[in-house]
Amino acid sequence: MADITHSTTSGPRSAVEGPFTRFLRATEIDTRLLGMIAALLVIWIGFHFYTGGLFLTPRNLWNLSVQTTEIAVLATGMVLVIVTRNIDLSIGSILGFVAMIMGVVQAKFLPQYLGFDNSFTWVITLICGLLVGTAIGLFQGVIIAFMGVPSFIVTLGGFLAWRGLAWYVTSGQTVAPLDTTFRIMGGGAEGAIGATWSWIIGAVACVLIVVSIIGSRHQRRRFNFPRRPLWAEYFLSVLGCALVLGAIWVSTIYYWPPAIAKRYAEANNITVPEGGLMIPYGIAVPVLIAILVGIVMTFIATRLRFGRYVFAIGGNPEAAELAGIKTRWVTVRIFALMGFLAAVAAAISTARLNAAANSQGTTYELYTIAAAVIGGTSLAGGTGTIAGAMLGALVMQSLQSGMGLANVDTPIQNVVVGAVLVIAVWLDTVYRSRAK
């Protein structure tokens, strides 16, 4: 009973509120996040009917999850950049340059010493790519923080310079094929973990959701903070587990194409039944990478001192500096982290394509900024969430996927994306004005 008496819905204020408002207050669900989810459902259902039932199929949803990963990874870093009132227009070009470096390392350089498909090839390649991406971000961050050049100008220069260097690495030639193990990071039949491991991960995720809710409640009790009513805790636990298990179920009812399954059976001396060999994909490896990145970035933004410094700088840079925060070094670290995430996205992109091309990452900077803004990150700085940005990336990719299935011309797709970005910024302006 002690838990209930301290609930967030107690008091005379809740008596004059509507039931939906009391529900949101009790569960502490962000209304902007709820609005994005509603918009996503409208997009999905609308395209499903418009495409004649092609959108909400296991195959398209599985592909949609894989296609979203690159922008989702980049958007997690863009949140911190925008929160501090900066911008990064170079991440697409950095991705393209790092992709070419990783392609050359594993397809041309390492085979001379290790041979093809060596077990260490993908490790060395990935380390090289991450180091290059981080170094580029660090370099740009130093110019911005210590030389006083605006981030818009520095990253605009990087947008042009790194794309040019990406072409210069191989004089515009595409590098392929890539290491077999490295390609696992891109998804596909070999880049998924199957049904068994998917359900195991789903069960672990459900346990972690319940444990985190219980832990949060104990923390609030410890510091005498208001606590959600028990029914709200149960609702959030059930909702979170249902979403996780639903996503797992969708990934396990999408099966390998018959030709790939047949080759797999022949290679492993498996007898193919009359109806064919049904091998479920399960969760794709790049999706797991994106989820891991999202969890780590959320921890950095909400639990570490560095994350608190980032939001303090975005809220009031002068006050943050007067409070003793080394704002310049925080800025350098943010851009170094952005370069690191661009390298992670480059690895996923290169592995998915099984090739490295200098055109990789084109327009990614625009889609990443759009995903962060749609996800609730304010261009005025100070506010933003990692989960919202990743959901924004899913919204952006859903629009692209739906328009692709509907055979909408590419110029019209760009018009729609541009309109969505403008509307998102306008809604953010309206939301902030009402909050004041």
# chains A, B, ... in the order shown; residues from 1 in each chain; ligands from 1
>>> residues_around(residues="Thr331 of chain A", least_positions_apart="5", cutoff="9 Å", atoms="only C-alpha atoms", output="ChimeraX atom specification")
/A:81,84,86,141-142,144-145,310,326,336
>>> residues_around(residues="Ala189 of chain A", least_positions_apart="6", cutoff="9 Å", atoms="only C-alpha atoms", output="PyMOL selection string")
chain A and resi 255-257+260-261+280-281+284
>>> write_last_selection(atoms="C-alpha atoms", output="compact mmCIF listing (two decimals), in the first residue's frame")
# COMPACT_ATOMS: atom_id res chain seq x y z
CA TYR A 255 12.32 -18.24 -44.13
CA TRP A 256 15.37 -18.59 -46.34
CA PRO A 257 14.69 -18.62 -50.09
CA ILE A 260 19.70 -20.80 -50.64
CA ALA A 261 18.19 -23.41 -48.33
CA PRO A 280 13.86 -19.22 -40.37
CA TYR A 281 16.03 -16.13 -40.52
CA ALA A 284 19.56 -10.09 -38.28
>>> residues_around(residues="Leu341 of chain A", least_positions_apart="2", cutoff="8 Å", atoms="only C-alpha atoms", output="VMD selection string")
chain A and resid 73 to 74 77 133 337 to 339 343 to 345
>>> write_last_selection(atoms="all heavy atoms", output="compact mmCIF listing (two decimals), in the first residue's frame")
# COMPACT_ATOMS: atom_id res chain seq x y z
N VAL A 73 22.03 3.81 -36.28
CA VAL A 73 23.32 3.93 -35.60
C VAL A 73 23.84 5.36 -35.68
O VAL A 73 24.30 5.93 -34.68
CB VAL A 73 24.34 2.95 -36.22
CG1 VAL A 73 25.75 3.25 -35.72
CG2 VAL A 73 23.97 1.51 -35.87
N LEU A 74 23.76 5.96 -36.86
CA LEU A 74 24.24 7.33 -37.02
C LEU A 74 23.39 8.31 -36.21
O LEU A 74 23.92 9.28 -35.64
CB LEU A 74 24.20 7.72 -38.51
CG LEU A 74 25.17 6.98 -39.43
CD1 LEU A 74 24.88 7.32 -40.88
CD2 LEU A 74 26.61 7.30 -39.09
N GLY A 77 24.33 9.08 -32.51
CA GLY A 77 25.39 10.06 -32.30
C GLY A 77 24.95 11.46 -32.67
O GLY A 77 25.35 12.44 -32.02
N GLY A 133 37.64 6.15 -38.57
CA GLY A 133 36.45 6.96 -38.33
C GLY A 133 36.58 7.82 -37.08
O GLY A 133 36.23 9.01 -37.09
N LEU A 337 33.15 10.48 -31.11
CA LEU A 337 32.13 9.44 -30.99
C LEU A 337 31.29 9.35 -32.26
O LEU A 337 30.95 8.25 -32.72
CB LEU A 337 31.24 9.72 -29.78
CG LEU A 337 30.13 8.71 -29.48
CD1 LEU A 337 30.72 7.32 -29.23
CD2 LEU A 337 29.31 9.17 -28.27
N MET A 338 30.99 10.50 -32.86
CA MET A 338 30.23 10.50 -34.11
C MET A 338 31.02 9.83 -35.22
O MET A 338 30.47 9.07 -36.03
CB MET A 338 29.91 11.96 -34.49
CG MET A 338 28.95 12.11 -35.65
SD MET A 338 27.24 11.69 -35.27
CE MET A 338 27.05 10.13 -36.11
N GLY A 339 32.32 10.06 -35.27
CA GLY A 339 33.16 9.39 -36.27
C GLY A 339 33.21 7.89 -36.04
O GLY A 339 33.20 7.10 -37.00
N ALA A 343 31.86 4.84 -38.56
CA ALA A 343 32.62 3.65 -38.95
C ALA A 343 31.81 2.38 -38.71
O ALA A 343 31.87 1.44 -39.51
CB ALA A 343 33.93 3.60 -38.17
N VAL A 344 31.06 2.34 -37.61
CA VAL A 344 30.19 1.18 -37.36
C VAL A 344 29.15 1.05 -38.48
O VAL A 344 28.91 -0.05 -39.01
CB VAL A 344 29.49 1.31 -35.99
CG1 VAL A 344 28.47 0.19 -35.79
CG2 VAL A 344 30.52 1.29 -34.87
N ALA A 345 28.53 2.19 -38.84
CA ALA A 345 27.54 2.16 -39.93
C ALA A 345 28.20 1.79 -41.25
O ALA A 345 27.59 1.10 -42.09
CB ALA A 345 26.86 3.53 -40.04
>>> atom_distance(atom1="atom CA of Glu321 of chain A", atom2="atom CA of Leu138 of chain A")
20.8 Å
>>> residues_around(residues="segment 43-49 of chain A", least_positions_apart="4", cutoff="10 Å", atoms="only C-alpha atoms", output="list in words")
Ile37, Ala38, Ala39, Gly53, Leu54, Phe55, Leu56, Thr57, Leu61, Val395, Ser398, Leu399, Ser401, Gly402, Met403, Leu405 and Ala406 of chain A
>>> write_last_selection(atoms="N, CA, C and O atoms", output="PDB file, in the first residue's frame")
ATOM      1  N   ILE A  37       4.923   6.881 -32.578  1.00  0.00           N
ATOM      2  CA  ILE A  37       4.451   5.511 -32.746  1.00  0.00           C
ATOM      3  C   ILE A  37       3.134   5.493 -33.511  1.00  0.00           C
ATOM      4  O   ILE A  37       2.920   4.657 -34.400  1.00  0.00           O
ATOM      5  N   ALA A  38       2.252   6.439 -33.180  1.00  0.00           N
ATOM      6  CA  ALA A  38       0.983   6.524 -33.895  1.00  0.00           C
ATOM      7  C   ALA A  38       1.206   6.848 -35.374  1.00  0.00           C
ATOM      8  O   ALA A  38       0.569   6.259 -36.264  1.00  0.00           O
ATOM      9  N   ALA A  39       2.139   7.778 -35.649  1.00  0.00           N
ATOM     10  CA  ALA A  39       2.449   8.116 -37.040  1.00  0.00           C
ATOM     11  C   ALA A  39       3.035   6.915 -37.774  1.00  0.00           C
ATOM     12  O   ALA A  39       2.716   6.676 -38.955  1.00  0.00           O
ATOM     13  N   GLY A  53      -1.203  -5.133 -49.782  1.00  0.00           N
ATOM     14  CA  GLY A  53      -0.813  -6.124 -48.785  1.00  0.00           C
ATOM     15  C   GLY A  53       0.639  -6.534 -48.827  1.00  0.00           C
ATOM     16  O   GLY A  53       1.003  -7.580 -48.274  1.00  0.00           O
ATOM     17  N   LEU A  54       1.521  -5.734 -49.425  1.00  0.00           N
ATOM     18  CA  LEU A  54       2.938  -6.090 -49.535  1.00  0.00           C
ATOM     19  C   LEU A  54       3.781  -5.558 -48.383  1.00  0.00           C
ATOM     20  O   LEU A  54       4.872  -6.065 -48.131  1.00  0.00           O
ATOM     21  N   PHE A  55       3.295  -4.532 -47.685  1.00  0.00           N
ATOM     22  CA  PHE A  55       4.152  -3.876 -46.698  1.00  0.00           C
ATOM     23  C   PHE A  55       4.264  -4.679 -45.411  1.00  0.00           C
ATOM     24  O   PHE A  55       5.367  -4.981 -44.957  1.00  0.00           O
ATOM     25  N   LEU A  56       3.144  -5.003 -44.795  1.00  0.00           N
ATOM     26  CA  LEU A  56       3.165  -5.701 -43.507  1.00  0.00           C
ATOM     27  C   LEU A  56       3.294  -7.204 -43.702  1.00  0.00           C
ATOM     28  O   LEU A  56       2.445  -7.998 -43.276  1.00  0.00           O
ATOM     29  N   THR A  57       4.367  -7.596 -44.359  1.00  0.00           N
ATOM     30  CA  THR A  57       4.687  -9.009 -44.534  1.00  0.00           C
ATOM     31  C   THR A  57       5.995  -9.306 -43.803  1.00  0.00           C
ATOM     32  O   THR A  57       6.823  -8.401 -43.622  1.00  0.00           O
ATOM     33  N   LEU A  61       9.097  -6.537 -43.476  1.00  0.00           N
ATOM     34  CA  LEU A  61       9.426  -6.033 -42.147  1.00  0.00           C
ATOM     35  C   LEU A  61      10.836  -6.433 -41.741  1.00  0.00           C
ATOM     36  O   LEU A  61      11.549  -5.652 -41.095  1.00  0.00           O
ATOM     37  N   VAL A 395      10.935   5.504 -38.893  1.00  0.00           N
ATOM     38  CA  VAL A 395       9.906   6.245 -39.629  1.00  0.00           C
ATOM     39  C   VAL A 395      10.417   6.632 -41.009  1.00  0.00           C
ATOM     40  O   VAL A 395       9.726   6.452 -42.022  1.00  0.00           O
ATOM     41  N   SER A 398      10.714   3.581 -43.181  1.00  0.00           N
ATOM     42  CA  SER A 398       9.384   3.080 -43.534  1.00  0.00           C
ATOM     43  C   SER A 398       8.804   3.870 -44.697  1.00  0.00           C
ATOM     44  O   SER A 398       8.180   3.301 -45.596  1.00  0.00           O
ATOM     45  N   LEU A 399       9.013   5.184 -44.683  1.00  0.00           N
ATOM     46  CA  LEU A 399       8.556   6.011 -45.805  1.00  0.00           C
ATOM     47  C   LEU A 399       9.252   5.600 -47.090  1.00  0.00           C
ATOM     48  O   LEU A 399       8.607   5.444 -48.139  1.00  0.00           O
ATOM     49  N   SER A 401      10.771   2.697 -47.794  1.00  0.00           N
ATOM     50  CA  SER A 401      10.379   1.340 -48.175  1.00  0.00           C
ATOM     51  C   SER A 401       8.981   1.318 -48.776  1.00  0.00           C
ATOM     52  O   SER A 401       8.745   0.677 -49.810  1.00  0.00           O
ATOM     53  N   GLY A 402       8.062   2.029 -48.137  1.00  0.00           N
ATOM     54  CA  GLY A 402       6.689   2.055 -48.643  1.00  0.00           C
ATOM     55  C   GLY A 402       6.598   2.698 -50.011  1.00  0.00           C
ATOM     56  O   GLY A 402       5.908   2.190 -50.903  1.00  0.00           O
ATOM     57  N   MET A 403       7.297   3.807 -50.193  1.00  0.00           N
ATOM     58  CA  MET A 403       7.265   4.467 -51.501  1.00  0.00           C
ATOM     59  C   MET A 403       7.958   3.622 -52.562  1.00  0.00           C
ATOM     60  O   MET A 403       7.573   3.646 -53.733  1.00  0.00           O
ATOM     61  N   LEU A 405       7.954   0.273 -52.608  1.00  0.00           N
ATOM     62  CA  LEU A 405       6.989  -0.775 -52.963  1.00  0.00           C
ATOM     63  C   LEU A 405       5.856  -0.217 -53.814  1.00  0.00           C
ATOM     64  O   LEU A 405       5.281  -0.935 -54.650  1.00  0.00           O
ATOM     65  N   ALA A 406       5.532   1.054 -53.591  1.00  0.00           N
ATOM     66  CA  ALA A 406       4.449   1.686 -54.358  1.00  0.00           C
ATOM     67  C   ALA A 406       4.940   2.249 -55.688  1.00  0.00           C
ATOM     68  O   ALA A 406       4.160   2.898 -56.406  1.00  0.00           O
TER      69      ALA A 406
END
>>> residues_around(residues="segment 295-299 of chain A", least_positions_apart="6", cutoff="12 Å", atoms="only C-alpha atoms", output="ChimeraX atom specification")
/A:72-80,205,288-289,305-308,334,337-338,341,384-390
>>> closest_residue(among="A:Ile369, A:Asn60, A:Gly35, A:Leu110", to="Gly404 of chain A", atoms="only C-alpha atoms")
A:Asn60
>>> closest_residue(among="A:Thr180, A:Thr327, A:Thr302, A:Ser349", to="Val98 of chain A", atoms="only C-alpha atoms")
A:Ser349
